[in-house]
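Chemist: Data: target.txt, compact mmCIF, C-alpha atoms and all ligand atoms.
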```
# COMPACT_ATOMS: atom_id res chain seq x y z
CA MET A 569 0.00 0.00 0.00
CA ALA A 570 2.90 2.26 0.75
CA SER A 571 3.86 2.39 -2.92
CA MET A 572 0.26 2.88 -4.10
CA ASN A 573 -1.33 6.29 -4.69
CA ARG A 574 -5.01 7.02 -4.17
CA ARG A 575 -5.98 6.46 -7.80
CA GLN A 576 -4.25 3.07 -7.91
CA PHE A 577 -5.90 2.05 -4.63
CA LEU A 578 -9.39 2.79 -5.97
CA LYS A 579 -8.66 0.86 -9.15
CA VAL A 580 -7.52 -2.27 -7.29
CA THR A 581 -10.38 -2.27 -4.78
CA GLY A 582 -12.91 -1.57 -7.55
CA THR A 583 -11.64 -4.53 -9.53
CA SER A 584 -11.81 -6.76 -6.45
CA LEU A 585 -15.36 -5.59 -5.77
CA ALA A 586 -16.40 -6.27 -9.34
CA GLY A 587 -14.79 -9.71 -9.12
CA SER A 588 -16.63 -10.58 -5.91
CA SER A 589 -19.90 -9.27 -7.44
CA MET A 590 -19.37 -11.58 -10.43
CA ALA A 591 -18.92 -14.45 -7.99
CA VAL A 592 -22.20 -13.56 -6.30
CA LEU A 593 -23.83 -13.67 -9.76
CA GLY A 594 -22.56 -17.21 -10.24
CA MET A 595 -19.62 -16.34 -12.49
CA SER A 596 -16.78 -17.52 -10.32
CA PRO A 597 -14.31 -19.91 -11.99
CA GLY A 598 -15.54 -22.73 -9.80
CA THR A 599 -19.13 -22.24 -10.93
CA ALA A 600 -18.08 -21.91 -14.56
CA MET A 601 -16.09 -25.13 -14.42
CA ALA A 602 -19.01 -26.97 -12.84
CA GLU A 603 -21.39 -25.92 -15.62
CA VAL A 604 -23.00 -28.64 -17.74
CA ARG A 605 -21.22 -28.98 -21.09
CA GLN A 606 -23.07 -27.47 -24.07
CA TYR A 607 -24.78 -29.82 -26.53
CA LYS A 608 -22.15 -30.30 -29.22
CA LEU A 609 -24.53 -30.03 -32.19
CA ALA A 610 -26.38 -26.96 -30.90
CA ARG A 611 -24.72 -24.48 -33.27
CA MET A 612 -24.82 -26.63 -36.38
CA THR A 613 -27.13 -26.49 -39.36
CA GLU A 614 -29.57 -29.39 -39.26
CA THR A 615 -30.81 -30.78 -42.57
CA ARG A 616 -33.29 -33.60 -43.12
CA ASN A 617 -32.65 -36.11 -45.85
CA THR A 618 -33.26 -39.71 -46.88
CA CYS A 619 -30.69 -42.51 -46.83
CA PRO A 620 -29.82 -43.24 -50.48
CA TYR A 621 -28.95 -46.89 -50.08
CA CYS A 622 -32.06 -49.07 -50.02
CA SER A 623 -35.83 -49.25 -50.32
CA VAL A 624 -36.46 -48.68 -46.61
CA ALA A 625 -35.56 -45.01 -47.24
CA CYS A 626 -34.77 -44.19 -43.62
CA GLY A 627 -34.89 -40.56 -42.50
CA LEU A 628 -31.65 -38.76 -41.67
CA LEU A 629 -30.66 -35.72 -39.67
CA MET A 630 -27.45 -34.28 -41.09
CA TYR A 631 -25.44 -31.75 -39.09
CA GLY A 632 -23.19 -29.29 -40.90
CA LEU A 633 -20.55 -26.81 -39.79
CA GLY A 634 -20.71 -23.35 -41.34
CA ASP A 635 -23.31 -20.65 -40.89
CA GLY A 636 -24.24 -20.20 -44.56
CA ALA A 637 -22.19 -17.00 -44.92
CA LYS A 638 -20.78 -16.36 -48.39
CA ASN A 639 -17.25 -17.50 -47.68
CA ALA A 640 -18.03 -20.12 -45.06
CA LYS A 641 -17.26 -23.63 -46.27
CA SER A 642 -19.90 -25.97 -44.92
CA SER A 643 -19.12 -29.55 -44.06
CA ILE A 644 -21.29 -32.37 -42.73
CA VAL A 645 -19.73 -33.72 -39.57
CA HIS A 646 -22.47 -35.89 -38.09
CA ILE A 647 -25.44 -37.94 -39.30
CA GLU A 648 -28.02 -39.74 -37.21
CA GLY A 649 -31.50 -41.19 -37.59
CA ASP A 650 -34.46 -38.81 -37.65
CA PRO A 651 -36.76 -39.69 -34.73
CA ASP A 652 -39.67 -37.86 -36.44
CA HIS A 653 -39.42 -39.88 -39.63
CA PRO A 654 -42.56 -42.02 -40.12
CA VAL A 655 -40.69 -44.94 -41.71
CA SER A 656 -37.61 -45.43 -39.54
CA ARG A 657 -38.40 -43.56 -36.30
CA GLY A 658 -34.76 -42.61 -35.74
CA THR A 659 -33.19 -45.97 -36.51
CA LEU A 660 -30.45 -46.60 -39.09
CA CYS A 661 -28.75 -49.83 -40.09
CA PRO A 662 -24.91 -49.89 -40.11
CA LYS A 663 -24.81 -48.71 -43.74
CA GLY A 664 -26.92 -45.67 -42.99
CA ALA A 665 -25.12 -45.02 -39.71
CA GLY A 666 -21.80 -44.82 -41.62
CA LEU A 667 -23.04 -42.32 -44.20
CA VAL A 668 -20.75 -39.52 -43.02
CA ASP A 669 -17.79 -41.58 -44.25
CA PHE A 670 -19.49 -42.10 -47.60
CA ILE A 671 -19.94 -38.31 -47.93
CA HIS A 672 -16.26 -37.61 -47.25
CA SER A 673 -14.86 -40.60 -49.12
CA PRO A 674 -11.94 -39.58 -51.40
CA THR A 675 -13.33 -41.96 -54.05
CA ARG A 676 -16.82 -40.45 -54.05
CA VAL A 677 -18.04 -39.54 -57.54
CA MET A 678 -18.79 -35.79 -57.49
CA ASN A 679 -19.69 -35.18 -61.16
CA PRO A 680 -21.89 -36.72 -63.81
CA GLN A 681 -19.82 -39.11 -65.91
CA VAL A 682 -20.11 -40.44 -69.43
CA ARG A 683 -18.60 -43.48 -71.08
CA ARG A 684 -18.64 -42.64 -74.76
CA PRO A 685 -19.31 -45.28 -77.43
CA GLY A 686 -16.23 -47.46 -77.95
CA SER A 687 -14.48 -46.18 -74.85
CA ASN A 688 -13.70 -48.09 -71.66
CA GLU A 689 -13.07 -44.89 -69.67
CA TRP A 690 -15.52 -42.86 -67.59
CA GLU A 691 -15.14 -39.14 -68.22
CA ASP A 692 -16.29 -36.31 -65.93
CA ILE A 693 -18.69 -33.84 -67.54
CA SER A 694 -20.60 -30.83 -66.21
CA TRP A 695 -24.23 -31.04 -65.12
CA ASP A 696 -25.22 -28.76 -68.04
CA ASP A 697 -23.50 -31.04 -70.54
CA ALA A 698 -24.99 -34.14 -68.91
CA LEU A 699 -28.54 -32.81 -68.96
CA ASP A 700 -28.20 -31.55 -72.56
CA ARG A 701 -26.81 -34.91 -73.61
CA ILE A 702 -29.56 -36.90 -71.87
CA ALA A 703 -32.28 -34.68 -73.37
CA ARG A 704 -30.76 -34.94 -76.87
CA LEU A 705 -30.41 -38.73 -76.74
CA MET A 706 -33.90 -39.21 -75.32
CA LYS A 707 -35.48 -37.01 -77.97
CA ASP A 708 -33.63 -38.69 -80.84
CA ASP A 709 -34.45 -42.18 -79.61
CA ARG A 710 -38.10 -41.38 -78.96
CA ASP A 711 -38.52 -39.75 -82.39
CA ALA A 712 -37.01 -42.84 -84.01
CA ASN A 713 -38.77 -45.56 -82.02
CA PHE A 714 -42.06 -44.26 -80.64
CA ILE A 715 -44.97 -46.62 -81.41
CA ALA A 716 -48.25 -44.77 -81.68
CA GLN A 717 -50.36 -47.75 -82.80
CA ASP A 718 -49.93 -51.52 -82.71
CA GLU A 719 -50.33 -53.74 -85.78
CA ASP A 720 -54.10 -53.94 -85.21
CA GLY A 721 -54.50 -50.16 -85.27
CA ASN A 722 -54.96 -49.78 -81.52
CA THR A 723 -53.50 -46.61 -80.02
CA VAL A 724 -50.72 -47.67 -77.62
CA ASN A 725 -48.29 -44.70 -77.48
CA ARG A 726 -45.35 -46.83 -76.39
CA TRP A 727 -41.67 -45.97 -76.17
CA VAL A 728 -39.92 -49.24 -75.42
CA SER A 729 -36.34 -48.55 -76.55
CA THR A 730 -35.36 -46.45 -73.50
CA GLY A 731 -35.79 -47.20 -69.80
CA PHE A 732 -35.66 -45.10 -66.66
CA LEU A 733 -34.18 -45.92 -63.25
CA ALA A 734 -35.33 -43.57 -60.48
CA ALA A 735 -33.48 -42.91 -57.22
CA SER A 736 -34.42 -44.49 -53.90
CA ALA A 737 -33.80 -41.20 -52.09
CA ALA A 738 -36.81 -39.67 -53.82
CA SER A 739 -39.73 -38.68 -51.62
CA ASN A 740 -43.29 -39.75 -52.42
CA GLU A 741 -43.87 -36.45 -54.21
CA THR A 742 -40.72 -36.73 -56.34
CA GLY A 743 -41.58 -40.34 -57.11
CA TYR A 744 -45.10 -39.33 -58.17
CA LEU A 745 -43.81 -36.61 -60.51
CA THR A 746 -41.11 -38.87 -61.96
CA HIS A 747 -43.75 -41.53 -62.65
CA LYS A 748 -46.03 -39.01 -64.37
CA ILE A 749 -43.23 -37.70 -66.63
CA VAL A 750 -41.95 -41.15 -67.55
CA ARG A 751 -45.41 -42.51 -68.37
CA ALA A 752 -46.38 -39.31 -70.23
CA LEU A 753 -43.43 -39.92 -72.55
CA GLY A 754 -44.79 -43.40 -73.24
CA MET A 755 -41.85 -45.13 -71.55
CA VAL A 756 -42.68 -48.67 -70.45
CA ALA A 757 -39.44 -49.82 -68.75
CA PHE A 758 -39.42 -47.93 -65.47
CA ASP A 759 -37.96 -49.09 -62.18
CA ASN A 760 -36.57 -47.71 -58.96
CA GLN A 761 -33.14 -48.24 -57.47
CA ALA A 762 -34.91 -48.79 -54.15
CA ARG A 763 -35.83 -52.30 -55.33
CA VAL A 764 -32.21 -53.21 -56.08
S1 LIG A 801 -30.26 -46.91 -43.08
FE1 LIG A 801 -30.03 -48.99 -43.84
S2 LIG A 801 -32.14 -49.81 -43.89
FE2 LIG A 801 -32.27 -47.56 -43.78
S3 LIG A 801 -32.41 -46.89 -45.95
FE3 LIG A 801 -30.25 -46.81 -45.33
S4 LIG A 801 -29.43 -48.79 -46.00
FE4 LIG A 801 -31.64 -49.00 -45.95
```
Can you give me the file's structure in the form of structure tokens?
Modeler:
Amino acid sequence: MASMNRRQFLKVTGTSLAGSSMAVLGMSPGTAMAEVRQYKLARMTETRNTCPYCSVACGLLMYGLGDGAKNAKSSIVHIEGDPDHPVSRGTLCPKGAGLVDFIHSPTRVMNPQVRRPGSNEWEDISWDDALDRIARLMKDDRDANFIAQDEDGNTVNRWVSTGFLAASAASNETGYLTHKIVRALGMVAFDNQARV
């Protein structure tokens, strides 16, 4: 105290008082250390999805880091069953429970690919090129092979030279729309990967 002037004395005692007031408010180090740990997924973005593997189509909750800001790079770090899902009620089989590894697999295919006629290599192409190519090939094949009437003159409107395989991750609504489009084109061969 001997080396302390009046201003310094007030500063020290004021700080001590503030510190003891914080303790009264429950902010002492001991209280802070005893606090229950925060739920680890609380600050993550939660997204609902469907397991892509099989016909059960279990519901998923996917948790991603990143707040959606322009330069924030999001990344899925945890996946678990969705307890509100009417099909699976929060359960996942081991394949579904390991989906986070599938998402981050270094061998995961991230682009549409094409194997051109005569080639034994798969080639990455853009989504625009893939969709243009699919539309072009479908139109050409349908124009060439569409059957409006059978040999007895009955209207049949069949397109039997192209088939369609839908994805098992599709919801009921997506499945309904896919079915409508495929049948409206006259396509007969239509199946779903969910049955595989
Ligand atoms: S979690 Fe398992 S049972 Fe459920 S859809 Fe995925 S693969 Fe099928």
Chemist: Env of Gly743 of chain A: 12 Å cut, atoms = only C-alpha atoms, seq-sep filter 5 positions within chain, self excluded. Answer as a VMD selection string.
Modeler: chain A and resid 733 to 738 748 to 750 758 to 762
Chemist: Have a look at A:Gly754, A:Gly649, A:Pro654, A:Gly731 and name the one nearest to ligand LIG 801 (chain A); count all atoms listed in the file.
Modeler: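 Closest to ligand LIG 801 (chain A) of all the choices is A:Gly649.
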Chemist: Set the distance at 9 Å and use all atoms listed in the file: which residues neighbour segment 657-667 of chain A once local chain neighbours fewer than 3 positions away are removed? I'd like the list as a PyMOL selection string.
Modeler: chain A and resi 619-621+626-629+646-654+670-672
Chemist: Just the residues within 7 Å of Ile715 of chain A, please, counting all atoms listed in the file, with nothing from its chain fewer than 6 positions along; format it as number ranges by chain.
Modeler: A: 724-727
Chemist: Pick out the closest residue to ligand LIG 801 (chain A) from this set: A:Lys608, A:Cys622, A:Asp696, A:Thr742. Count all atoms listed in the file.
Modeler: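 Among the listed residues, the smallest separation from ligand LIG 801 (chain A) belongs to A:Cys622.
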Chemist: A:Ala637, A:Thr618, A:Tyr744, A:Arg751: which is nearest ligand LIG 801 (chain A), counting all atoms listed in the file?
Modeler: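 Answer, going by the shortest atom-to-atom distance: A:Thr618.
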Chemist: Which residue, A:Gly721, A:Tyr631, A:Val624, A:Thr675, has the smallest gap to Ser656 of chain A when you use only C-alpha atoms?
Modeler: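 Ranking A:Gly721, A:Tyr631, A:Val624, A:Thr675 by distance to Ser656 of chain A, first place goes to A:Val624.
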Chemist: Could you tell me which of A:Leu745, A:Ala703, A:Met630, A:Ala625 comes closest to ligand LIG 801 (chain A) if we count only C-alpha atoms and all ligand atoms?
Modeler: A:Ala625
Chemist: Would you mind reading off the distance between atom S4 of ligand LIG 801 (chain A) and atom CA of Ser623 of chain A, one decimal, in Å?
Modeler: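 Computing it gives 7.7 Å between the two atoms.
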Chemist: What is the atom CA of Gly686 of chain A-atom CA of Leu753 of chain A distance in Å, reported with one decimal?
Modeler: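 Atom-to-atom, atom CA of Gly686 of chain A to atom CA of Leu753 of chain A, that is 28.7 Å.
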Chemist: Find the residue from A:Asn679, A:Ser643, A:Thr746, A:Asn740 that sits nearest to Glu614 of chain A; use all atoms listed in the file when measuring.
Modeler: A:Ser643
